[in-house]
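Novice: Structure file final-v5.pdb (PDB, C-alpha atoms) right here:
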MODEL        1
ATOM      1  CA  THR A   1      31.467  -3.945   3.976  1.00  0.00           C
ATOM      2  CA  GLN A   2      30.468  -0.305   3.805  1.00  0.00           C
ATOM      3  CA  LEU A   3      27.335   0.478   5.788  1.00  0.00           C
ATOM      4  CA  LEU A   4      25.266   3.635   5.911  1.00  0.00           C
ATOM      5  CA  GLU A   5      23.112   4.258   8.950  1.00  0.00           C
ATOM      6  CA  GLN A   6      20.388   6.833   8.816  1.00  0.00           C
ATOM      7  CA  SER A   7      18.681   8.542  11.708  1.00  0.00           C
ATOM      8  CA  PRO A   8      16.071   9.011  12.768  1.00  0.00           C
ATOM      9  CA  GLN A   9      14.297   6.073  11.178  1.00  0.00           C
ATOM     10  CA  PHE A  10      10.944   7.840  11.442  1.00  0.00           C
ATOM     11  CA  LEU A  11      10.189  11.542  11.845  1.00  0.00           C
ATOM     12  CA  SER A  12       6.822  13.225  12.029  1.00  0.00           C
ATOM     13  CA  ILE A  13       6.643  16.993  12.405  1.00  0.00           C
ATOM     14  CA  GLN A  14       4.255  19.874  11.859  1.00  0.00           C
ATOM     15  CA  GLU A  15       4.255  21.921   8.695  1.00  0.00           C
ATOM     16  CA  GLY A  16       6.551  24.913   8.993  1.00  0.00           C
ATOM     17  CA  GLU A  17       9.050  23.322  11.365  1.00  0.00           C
ATOM     18  CA  ASN A  18      12.699  22.683  10.565  1.00  0.00           C
ATOM     19  CA  LEU A  19      14.344  19.264  10.662  1.00  0.00           C
ATOM     20  CA  THR A  20      17.647  17.513  10.109  1.00  0.00           C
ATOM     21  CA  VAL A  21      18.242  13.895   9.168  1.00  0.00           C
ATOM     22  CA  TYR A  22      21.575  12.144   9.263  1.00  0.00           C
ATOM     23  CA  CYS A  23      23.529   9.596   7.306  1.00  0.00           C
ATOM     24  CA  ASN A  24      26.580   8.091   9.022  1.00  0.00           C
ATOM     25  CA  SER A  25      29.228   5.545   8.204  1.00  0.00           C
ATOM     26  CA  SER A  26      32.518   4.298   9.598  1.00  0.00           C
ATOM     27  CA  SER A  27      33.827   4.149   6.022  1.00  0.00           C
ATOM     28  CA  VAL A  28      34.989   6.934   3.759  1.00  0.00           C
ATOM     29  CA  PHE A  29      32.929   7.484   0.638  1.00  0.00           C
ATOM     30  CA  SER A  30      34.114   9.222  -2.506  1.00  0.00           C
ATOM     31  CA  SER A  31      30.680  10.817  -2.741  1.00  0.00           C
ATOM     32  CA  LEU A  32      27.237  10.541  -1.231  1.00  0.00           C
ATOM     33  CA  GLN A  33      23.881  10.909  -2.865  1.00  0.00           C
ATOM     34  CA  TRP A  34      20.500  11.744  -1.388  1.00  0.00           C
ATOM     35  CA  TYR A  35      17.289  10.381  -2.859  1.00  0.00           C
ATOM     36  CA  ARG A  36      13.618  10.830  -2.042  1.00  0.00           C
ATOM     37  CA  GLN A  37      11.253   7.955  -2.635  1.00  0.00           C
ATOM     38  CA  GLU A  38       7.476   8.222  -2.512  1.00  0.00           C
ATOM     39  CA  PRO A  39       5.188   5.221  -1.998  1.00  0.00           C
ATOM     40  CA  GLY A  40       4.887   3.069  -5.095  1.00  0.00           C
ATOM     41  CA  GLU A  41       7.638   4.895  -6.953  1.00  0.00           C
ATOM     42  CA  GLY A  42      11.349   4.671  -7.529  1.00  0.00           C
ATOM     43  CA  PRO A  43      13.974   6.802  -5.787  1.00  0.00           C
ATOM     44  CA  VAL A  44      14.566  10.224  -7.293  1.00  0.00           C
ATOM     45  CA  LEU A  45      18.013  11.761  -7.001  1.00  0.00           C
ATOM     46  CA  LEU A  46      18.076  15.035  -5.079  1.00  0.00           C
ATOM     47  CA  VAL A  47      21.781  15.812  -4.889  1.00  0.00           C
ATOM     48  CA  THR A  48      25.300  14.405  -5.022  1.00  0.00           C
ATOM     49  CA  VAL A  49      27.978  15.727  -2.651  1.00  0.00           C
ATOM     50  CA  VAL A  50      31.563  15.012  -3.548  1.00  0.00           C
ATOM     51  CA  THR A  51      33.971  17.203  -1.578  1.00  0.00           C
ATOM     52  CA  GLY A  52      34.515  16.924   2.181  1.00  0.00           C
ATOM     53  CA  GLY A  53      32.771  19.849   3.880  1.00  0.00           C
ATOM     54  CA  GLU A  54      30.683  20.598   0.816  1.00  0.00           C
ATOM     55  CA  VAL A  55      27.309  22.264   1.293  1.00  0.00           C
ATOM     56  CA  LYS A  56      24.661  22.218  -1.392  1.00  0.00           C
ATOM     57  CA  LYS A  57      21.284  23.928  -1.321  1.00  0.00           C
ATOM     58  CA  LEU A  58      18.178  22.912  -3.201  1.00  0.00           C
ATOM     59  CA  LYS A  59      15.460  25.457  -2.371  1.00  0.00           C
ATOM     60  CA  ARG A  60      14.582  24.692   1.272  1.00  0.00           C
ATOM     61  CA  LEU A  61      16.853  21.653   1.440  1.00  0.00           C
ATOM     62  CA  THR A  62      20.478  21.976   2.566  1.00  0.00           C
ATOM     63  CA  PHE A  63      22.848  19.037   2.182  1.00  0.00           C
ATOM     64  CA  GLN A  64      26.229  18.807   3.871  1.00  0.00           C
ATOM     65  CA  PHE A  65      29.035  16.289   3.400  1.00  0.00           C
ATOM     66  CA  GLY A  66      31.227  15.753   6.427  1.00  0.00           C
ATOM     67  CA  ASP A  67      34.834  16.885   6.337  1.00  0.00           C
ATOM     68  CA  ALA A  68      36.041  13.286   6.586  1.00  0.00           C
ATOM     69  CA  ARG A  69      33.525  12.130   3.945  1.00  0.00           C
ATOM     70  CA  LYS A  70      32.026   9.609   6.351  1.00  0.00           C
ATOM     71  CA  ASP A  71      28.735  11.334   7.039  1.00  0.00           C
ATOM     72  CA  SER A  72      26.160  13.661   5.583  1.00  0.00           C
ATOM     73  CA  SER A  73      23.128  15.581   6.728  1.00  0.00           C
ATOM     74  CA  LEU A  74      19.982  16.908   5.149  1.00  0.00           C
ATOM     75  CA  HIS A  75      18.323  19.948   6.684  1.00  0.00           C
ATOM     76  CA  ILE A  76      14.854  21.047   5.623  1.00  0.00           C
ATOM     77  CA  THR A  77      13.652  24.534   6.463  1.00  0.00           C
ATOM     78  CA  ALA A  78       9.948  25.278   6.908  1.00  0.00           C
ATOM     79  CA  ALA A  79       8.851  21.767   6.022  1.00  0.00           C
ATOM     80  CA  GLN A  80       5.820  21.348   3.785  1.00  0.00           C
ATOM     81  CA  PRO A  81       3.490  18.378   3.253  1.00  0.00           C
ATOM     82  CA  GLY A  82       5.086  17.868  -0.164  1.00  0.00           C
ATOM     83  CA  ASP A  83       8.340  17.003   1.610  1.00  0.00           C
ATOM     84  CA  THR A  84       6.767  13.814   2.947  1.00  0.00           C
ATOM     85  CA  GLY A  85       8.595  10.719   1.765  1.00  0.00           C
ATOM     86  CA  LEU A  86      11.412   8.266   2.374  1.00  0.00           C
ATOM     87  CA  TYR A  87      14.817   9.934   2.282  1.00  0.00           C
ATOM     88  CA  LEU A  88      17.697   7.667   1.347  1.00  0.00           C
ATOM     89  CA  CYS A  89      21.395   8.327   1.316  1.00  0.00           C
ATOM     90  CA  ALA A  90      23.660   6.223  -0.880  1.00  0.00           C
ATOM     91  CA  GLY A  91      27.321   5.938  -1.692  1.00  0.00           C
ATOM     92  CA  PRO A  92      29.422   4.076  -4.244  1.00  0.00           C
ATOM     93  CA  SER A  93      30.745   0.703  -3.159  1.00  0.00           C
ATOM     94  CA  GLY A  94      33.043  -1.811  -4.758  1.00  0.00           C
ATOM     95  CA  ASP A  95      36.564  -1.400  -6.005  1.00  0.00           C
ATOM     96  CA  ASN A  96      36.201  -0.518  -9.631  1.00  0.00           C
ATOM     97  CA  PHE A  97      32.950   1.248 -10.067  1.00  0.00           C
ATOM     98  CA  GLY A  98      31.631   4.754  -9.876  1.00  0.00           C
ATOM     99  CA  ASN A  99      28.073   5.471  -9.002  1.00  0.00           C
ATOM    100  CA  GLU A 100      26.753   2.255 -10.464  1.00  0.00           C
ATOM    101  CA  LYS A 101      27.000  -0.054  -7.475  1.00  0.00           C
ATOM    102  CA  LEU A 102      25.479   1.922  -4.651  1.00  0.00           C
ATOM    103  CA  THR A 103      25.164   1.084  -0.985  1.00  0.00           C
ATOM    104  CA  PHE A 104      21.947   2.547   0.373  1.00  0.00           C
ATOM    105  CA  GLY A 105      21.093   3.557   3.893  1.00  0.00           C
ATOM    106  CA  THR A 106      17.928   2.210   5.495  1.00  0.00           C
ATOM    107  CA  GLY A 107      16.224   5.556   5.115  1.00  0.00           C
ATOM    108  CA  THR A 108      14.361   8.154   7.120  1.00  0.00           C
ATOM    109  CA  ARG A 109      10.612   8.108   6.672  1.00  0.00           C
ATOM    110  CA  LEU A 110       9.472  11.717   6.980  1.00  0.00           C
ATOM    111  CA  THR A 111       5.874  12.781   7.489  1.00  0.00           C
ATOM    112  CA  ILE A 112       4.890  16.432   7.472  1.00  0.00           C
ATOM    113  CA  ILE A 113       1.582  17.077   9.156  1.00  0.00           C
ATOM    114  CA  PRO A 114      -0.457  19.939   7.667  1.00  0.00           C
TER
ATOM    115  CA  ASN B 115      13.008  11.837 -23.240  1.00  0.00           C
ATOM    116  CA  ALA B 116      11.251   8.954 -21.549  1.00  0.00           C
ATOM    117  CA  GLY B 117      12.642   7.738 -18.261  1.00  0.00           C
ATOM    118  CA  VAL B 118      13.574   4.211 -17.298  1.00  0.00           C
ATOM    119  CA  MET B 119      10.568   2.052 -18.125  1.00  0.00           C
ATOM    120  CA  GLN B 120       9.754  -1.029 -16.110  1.00  0.00           C
ATOM    121  CA  ASN B 121       7.004  -3.539 -16.629  1.00  0.00           C
ATOM    122  CA  PRO B 122       4.967  -5.006 -15.294  1.00  0.00           C
ATOM    123  CA  ARG B 123       4.498  -2.540 -12.449  1.00  0.00           C
ATOM    124  CA  HIS B 124       2.773  -5.188 -10.372  1.00  0.00           C
ATOM    125  CA  LEU B 125       3.063  -8.938 -10.716  1.00  0.00           C
ATOM    126  CA  VAL B 126       1.483 -11.704  -8.678  1.00  0.00           C
ATOM    127  CA  ARG B 127       2.912 -15.199  -8.901  1.00  0.00           C
ATOM    128  CA  ARG B 128       2.151 -18.427  -7.078  1.00  0.00           C
ATOM    129  CA  ARG B 129       4.989 -20.218  -5.348  1.00  0.00           C
ATOM    130  CA  GLY B 130       6.980 -22.235  -7.860  1.00  0.00           C
ATOM    131  CA  GLN B 131       6.118 -20.081 -10.884  1.00  0.00           C
ATOM    132  CA  GLU B 132       8.528 -17.915 -12.825  1.00  0.00           C
ATOM    133  CA  ALA B 133       8.635 -14.127 -12.721  1.00  0.00           C
ATOM    134  CA  ARG B 134      10.054 -12.020 -15.541  1.00  0.00           C
ATOM    135  CA  LEU B 135      10.636  -8.332 -15.019  1.00  0.00           C
ATOM    136  CA  ARG B 136      11.539  -6.083 -17.922  1.00  0.00           C
ATOM    137  CA  CYS B 137      13.455  -2.840 -18.037  1.00  0.00           C
ATOM    138  CA  SER B 138      14.003  -0.444 -20.918  1.00  0.00           C
ATOM    139  CA  PRO B 139      16.785   2.034 -20.122  1.00  0.00           C
ATOM    140  CA  MET B 140      16.673   5.704 -20.915  1.00  0.00           C
ATOM    141  CA  LYS B 141      17.596   6.575 -24.481  1.00  0.00           C
ATOM    142  CA  GLY B 142      21.354   6.670 -24.893  1.00  0.00           C
ATOM    143  CA  HIS B 143      22.047   4.707 -21.705  1.00  0.00           C
ATOM    144  CA  SER B 144      24.107   1.578 -22.212  1.00  0.00           C
ATOM    145  CA  HIS B 145      24.356   0.492 -18.566  1.00  0.00           C
ATOM    146  CA  VAL B 146      21.569  -1.181 -16.619  1.00  0.00           C
ATOM    147  CA  TYR B 147      21.372  -2.068 -12.928  1.00  0.00           C
ATOM    148  CA  TRP B 148      18.871  -4.008 -10.869  1.00  0.00           C
ATOM    149  CA  TYR B 149      18.199  -3.330  -7.205  1.00  0.00           C
ATOM    150  CA  ARG B 150      15.817  -5.042  -4.811  1.00  0.00           C
ATOM    151  CA  GLN B 151      13.910  -3.435  -1.960  1.00  0.00           C
ATOM    152  CA  LEU B 152      12.511  -5.922   0.533  1.00  0.00           C
ATOM    153  CA  PRO B 153       9.694  -4.803   2.832  1.00  0.00           C
ATOM    154  CA  GLU B 154      11.025  -2.518   5.566  1.00  0.00           C
ATOM    155  CA  GLU B 155      14.574  -2.797   4.202  1.00  0.00           C
ATOM    156  CA  GLY B 156      16.772  -0.584   2.104  1.00  0.00           C
ATOM    157  CA  LEU B 157      17.634  -0.941  -1.531  1.00  0.00           C
ATOM    158  CA  LYS B 158      20.204  -3.653  -2.254  1.00  0.00           C
ATOM    159  CA  PHE B 159      22.323  -3.892  -5.384  1.00  0.00           C
ATOM    160  CA  MET B 160      21.756  -7.046  -7.399  1.00  0.00           C
ATOM    161  CA  VAL B 161      23.451  -6.839 -10.795  1.00  0.00           C
ATOM    162  CA  TYR B 162      25.104  -4.466 -13.259  1.00  0.00           C
ATOM    163  CA  LEU B 163      24.911  -5.159 -16.976  1.00  0.00           C
ATOM    164  CA  GLN B 164      26.005  -3.676 -20.233  1.00  0.00           C
ATOM    165  CA  LYS B 165      24.755  -4.839 -23.607  1.00  0.00           C
ATOM    166  CA  GLU B 166      25.279  -8.628 -23.780  1.00  0.00           C
ATOM    167  CA  ASN B 167      27.578  -8.562 -20.738  1.00  0.00           C
ATOM    168  CA  ILE B 168      27.151  -9.060 -17.021  1.00  0.00           C
ATOM    169  CA  ILE B 169      29.659  -6.745 -15.363  1.00  0.00           C
ATOM    170  CA  ASP B 170      28.935  -7.409 -11.690  1.00  0.00           C
ATOM    171  CA  GLU B 171      26.421  -9.875 -10.289  1.00  0.00           C
ATOM    172  CA  SER B 172      27.756  -9.928  -6.752  1.00  0.00           C
ATOM    173  CA  GLY B 173      24.349  -9.044  -5.299  1.00  0.00           C
ATOM    174  CA  MET B 174      22.384 -11.739  -7.087  1.00  0.00           C
ATOM    175  CA  PRO B 175      21.197 -14.764  -5.110  1.00  0.00           C
ATOM    176  CA  LYS B 176      23.164 -17.784  -6.250  1.00  0.00           C
ATOM    177  CA  GLU B 177      20.146 -19.787  -7.333  1.00  0.00           C
ATOM    178  CA  ARG B 178      16.946 -19.091  -9.266  1.00  0.00           C
ATOM    179  CA  PHE B 179      17.865 -15.518 -10.242  1.00  0.00           C
ATOM    180  CA  SER B 180      19.314 -14.470 -13.588  1.00  0.00           C
ATOM    181  CA  ALA B 181      19.591 -11.275 -15.582  1.00  0.00           C
ATOM    182  CA  GLU B 182      20.331 -10.394 -19.151  1.00  0.00           C
ATOM    183  CA  PHE B 183      20.623  -7.302 -21.320  1.00  0.00           C
ATOM    184  CA  PRO B 184      20.521  -8.469 -24.929  1.00  0.00           C
ATOM    185  CA  LYS B 185      21.783  -6.559 -27.916  1.00  0.00           C
ATOM    186  CA  GLU B 186      18.204  -5.775 -28.854  1.00  0.00           C
ATOM    187  CA  GLY B 187      15.337  -5.299 -26.446  1.00  0.00           C
ATOM    188  CA  PRO B 188      14.940  -4.676 -22.761  1.00  0.00           C
ATOM    189  CA  SER B 189      16.901  -6.038 -19.853  1.00  0.00           C
ATOM    190  CA  ILE B 190      15.190  -8.995 -18.177  1.00  0.00           C
ATOM    191  CA  LEU B 191      15.405 -10.055 -14.538  1.00  0.00           C
ATOM    192  CA  ARG B 192      14.198 -13.632 -14.261  1.00  0.00           C
ATOM    193  CA  ILE B 193      13.269 -15.378 -11.051  1.00  0.00           C
ATOM    194  CA  GLN B 194      12.563 -19.072 -11.318  1.00  0.00           C
ATOM    195  CA  GLN B 195      10.493 -21.096  -8.850  1.00  0.00           C
ATOM    196  CA  VAL B 196       9.545 -18.065  -6.822  1.00  0.00           C
ATOM    197  CA  VAL B 197       9.147 -18.291  -3.060  1.00  0.00           C
ATOM    198  CA  ARG B 198       7.378 -15.944  -0.654  1.00  0.00           C
ATOM    199  CA  GLY B 199      10.693 -14.369   0.333  1.00  0.00           C
ATOM    200  CA  ASP B 200      11.084 -13.079  -3.229  1.00  0.00           C
ATOM    201  CA  SER B 201       8.181 -10.688  -2.680  1.00  0.00           C
ATOM    202  CA  ALA B 202       9.727  -7.259  -3.028  1.00  0.00           C
ATOM    203  CA  ALA B 203      10.011  -4.187  -5.185  1.00  0.00           C
ATOM    204  CA  TYR B 204      12.545  -4.607  -7.968  1.00  0.00           C
ATOM    205  CA  PHE B 205      14.046  -1.414  -9.341  1.00  0.00           C
ATOM    206  CA  CYS B 206      15.920  -1.016 -12.562  1.00  0.00           C
ATOM    207  CA  ALA B 207      18.260   1.893 -13.164  1.00  0.00           C
ATOM    208  CA  SER B 208      20.268   3.049 -16.144  1.00  0.00           C
ATOM    209  CA  SER B 209      23.103   5.406 -16.905  1.00  0.00           C
ATOM    210  CA  PRO B 210      25.554   6.491 -19.527  1.00  0.00           C
ATOM    211  CA  PRO B 211      29.083   5.216 -18.769  1.00  0.00           C
ATOM    212  CA  GLY B 212      30.433   6.622 -15.492  1.00  0.00           C
ATOM    213  CA  ASN B 213      27.560   8.985 -14.944  1.00  0.00           C
ATOM    214  CA  THR B 214      24.574   9.415 -12.659  1.00  0.00           C
ATOM    215  CA  ILE B 215      22.132   6.532 -12.561  1.00  0.00           C
ATOM    216  CA  TYR B 216      18.390   7.061 -12.898  1.00  0.00           C
ATOM    217  CA  PHE B 217      15.848   4.703 -11.386  1.00  0.00           C
ATOM    218  CA  GLY B 218      12.638   3.416 -12.862  1.00  0.00           C
ATOM    219  CA  GLU B 219       9.389   3.315 -10.926  1.00  0.00           C
ATOM    220  CA  GLY B 220       9.810  -0.312  -9.953  1.00  0.00           C
ATOM    221  CA  SER B 221       8.104  -3.642 -10.357  1.00  0.00           C
ATOM    222  CA  TRP B 222       6.289  -4.975  -7.309  1.00  0.00           C
ATOM    223  CA  LEU B 223       6.371  -8.763  -7.101  1.00  0.00           C
ATOM    224  CA  THR B 224       3.966 -10.536  -4.763  1.00  0.00           C
ATOM    225  CA  VAL B 225       4.315 -14.282  -4.303  1.00  0.00           C
ATOM    226  CA  VAL B 226       1.220 -16.017  -2.956  1.00  0.00           C
TER
ENDMDL
END
Render the structure in this file as structure tokens.
Specialist:
Amino acid sequence: TQLLEQSPQFLSIQEGENLTVYCNSSSVFSSLQWYRQEPGEGPVLLVTVVTGGEVKKLKRLTFQFGDARKDSSLHITAAQPGDTGLYLCAGPSGDNFGNEKLTFGTGTRLTIIP
Amino acid sequence: NAGVMQNPRHLVRRRGQEARLRCSPMKGHSHVYWYRQLPEEGLKFMVYLQKENIIDESGMPKERFSAEFPKEGPSILRIQQVVRGDSAAYFCASSPPGNTIYFGEGSWLTVV
């Protein structure tokens, strides 16, 4: 069974600070996806990383896929209250499927204090 | 282009009743997935369907749960004889074949 562990589970920081959250596994994933979920809503895809060592930037968010494709990190620069939410990483599981059957991490609940 | 539409958004059922959750995929998407998010837990895969076919139901509880995606109309997740432990958010997602999946806003089931 492929498991994804995210840390920290909860993070509360002041507006303007930088932060990094992590997604780790003992299994190799062909790709990893990061989602943000706000209360009462569904997860929204932020990015997909596919290649070991890959770095992708989305405005103030920087995503990195580990060289061995077992871990990923999300770094946020100058956090803003709008960044508040539950951040989930996910990777494909199962033998014959692509992104359809995803294993999700337990999430990092981020709160940015104005 | 409308996103994945789920209804009802909130549903309250008494123990022993049936719950039916509906999902209309995005236009042009032939694949539908259901995921469940229990309180304080992550999202768990339940079932993957294409039109009139169940492709993978490895995440579905063995009893009381069923899903369908008919030729016409929305996908339905049906939970019979609900129990308190079924209280959760149920998310539907859709995709074109082999492509990124997009999630709906969820249906929140509360069993009282």
Novice: Please, which residues of chain A lie no more than 8 Å from chain B when the count uses only C-alpha atoms, and can they be set out as JSON, numbers by chain?
Specialist: {"A": [40, 41, 42, 43, 44, 45, 98, 99, 100, 101, 102, 103, 104, 105, 106, 107]}
Novice: Calculate how many Å separate atom CA of Thr48 of chain A from atom CA of Ile13 of chain A, rounding to one decimal.
Specialist: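 Distance between the two atoms: 25.7 Å.
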Novice: Would you translate the PyMOL selection byres ((chain A and resi 11) around 6) into the concrete set of residues it matches in this file, as a VMD selection string?
Specialist: chain A and resid 10 12 110
Novice: Which residue out of A:Ser27, A:Ser93, A:Glu38, A:Tyr87 has the minimum interatomic distance to Ala68 of chain A when only C-alpha atoms are used?
Specialist: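 Using only C-alpha atoms, Ala68 of chain A sits closest to A:Ser27.
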Novice: Hey, what comes out of the PyMOL selection byres ((chain A and resi 51) around 8) on this file? Could you write it as a PyMOL selection string?
Specialist: chain A and resi 31+49-50+52-54+65+67+69
Novice: Residues at most 8 Å from Ser72 of chain A, counting only C-alpha atoms, excluding those fewer than 3 positions away in the same chain, as a list in words?
Specialist: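 Near Ser72 of chain A, the qualifying residues are Tyr22, Cys23, Asn24, Leu32, Phe63, Gln64, Phe65, Gly66 and Arg69 of chain A.
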Novice: Expand the PyMOL selection byres ((chain B and resi 136) around 7) into the individual residues it matches in the shown file, reporting them as an NGL selection string.
Specialist: :B and (120-121 or 134-135 or 137-138 or 188-191)
Novice: What's around Gly199 of chain B at 10 Å? Count only C-alpha atoms, leave out sequence neighbours fewer than 6 positions away in its own chain, and write the answer as a ChimeraX atom specification.
Specialist: /B:129,152-153,224-225
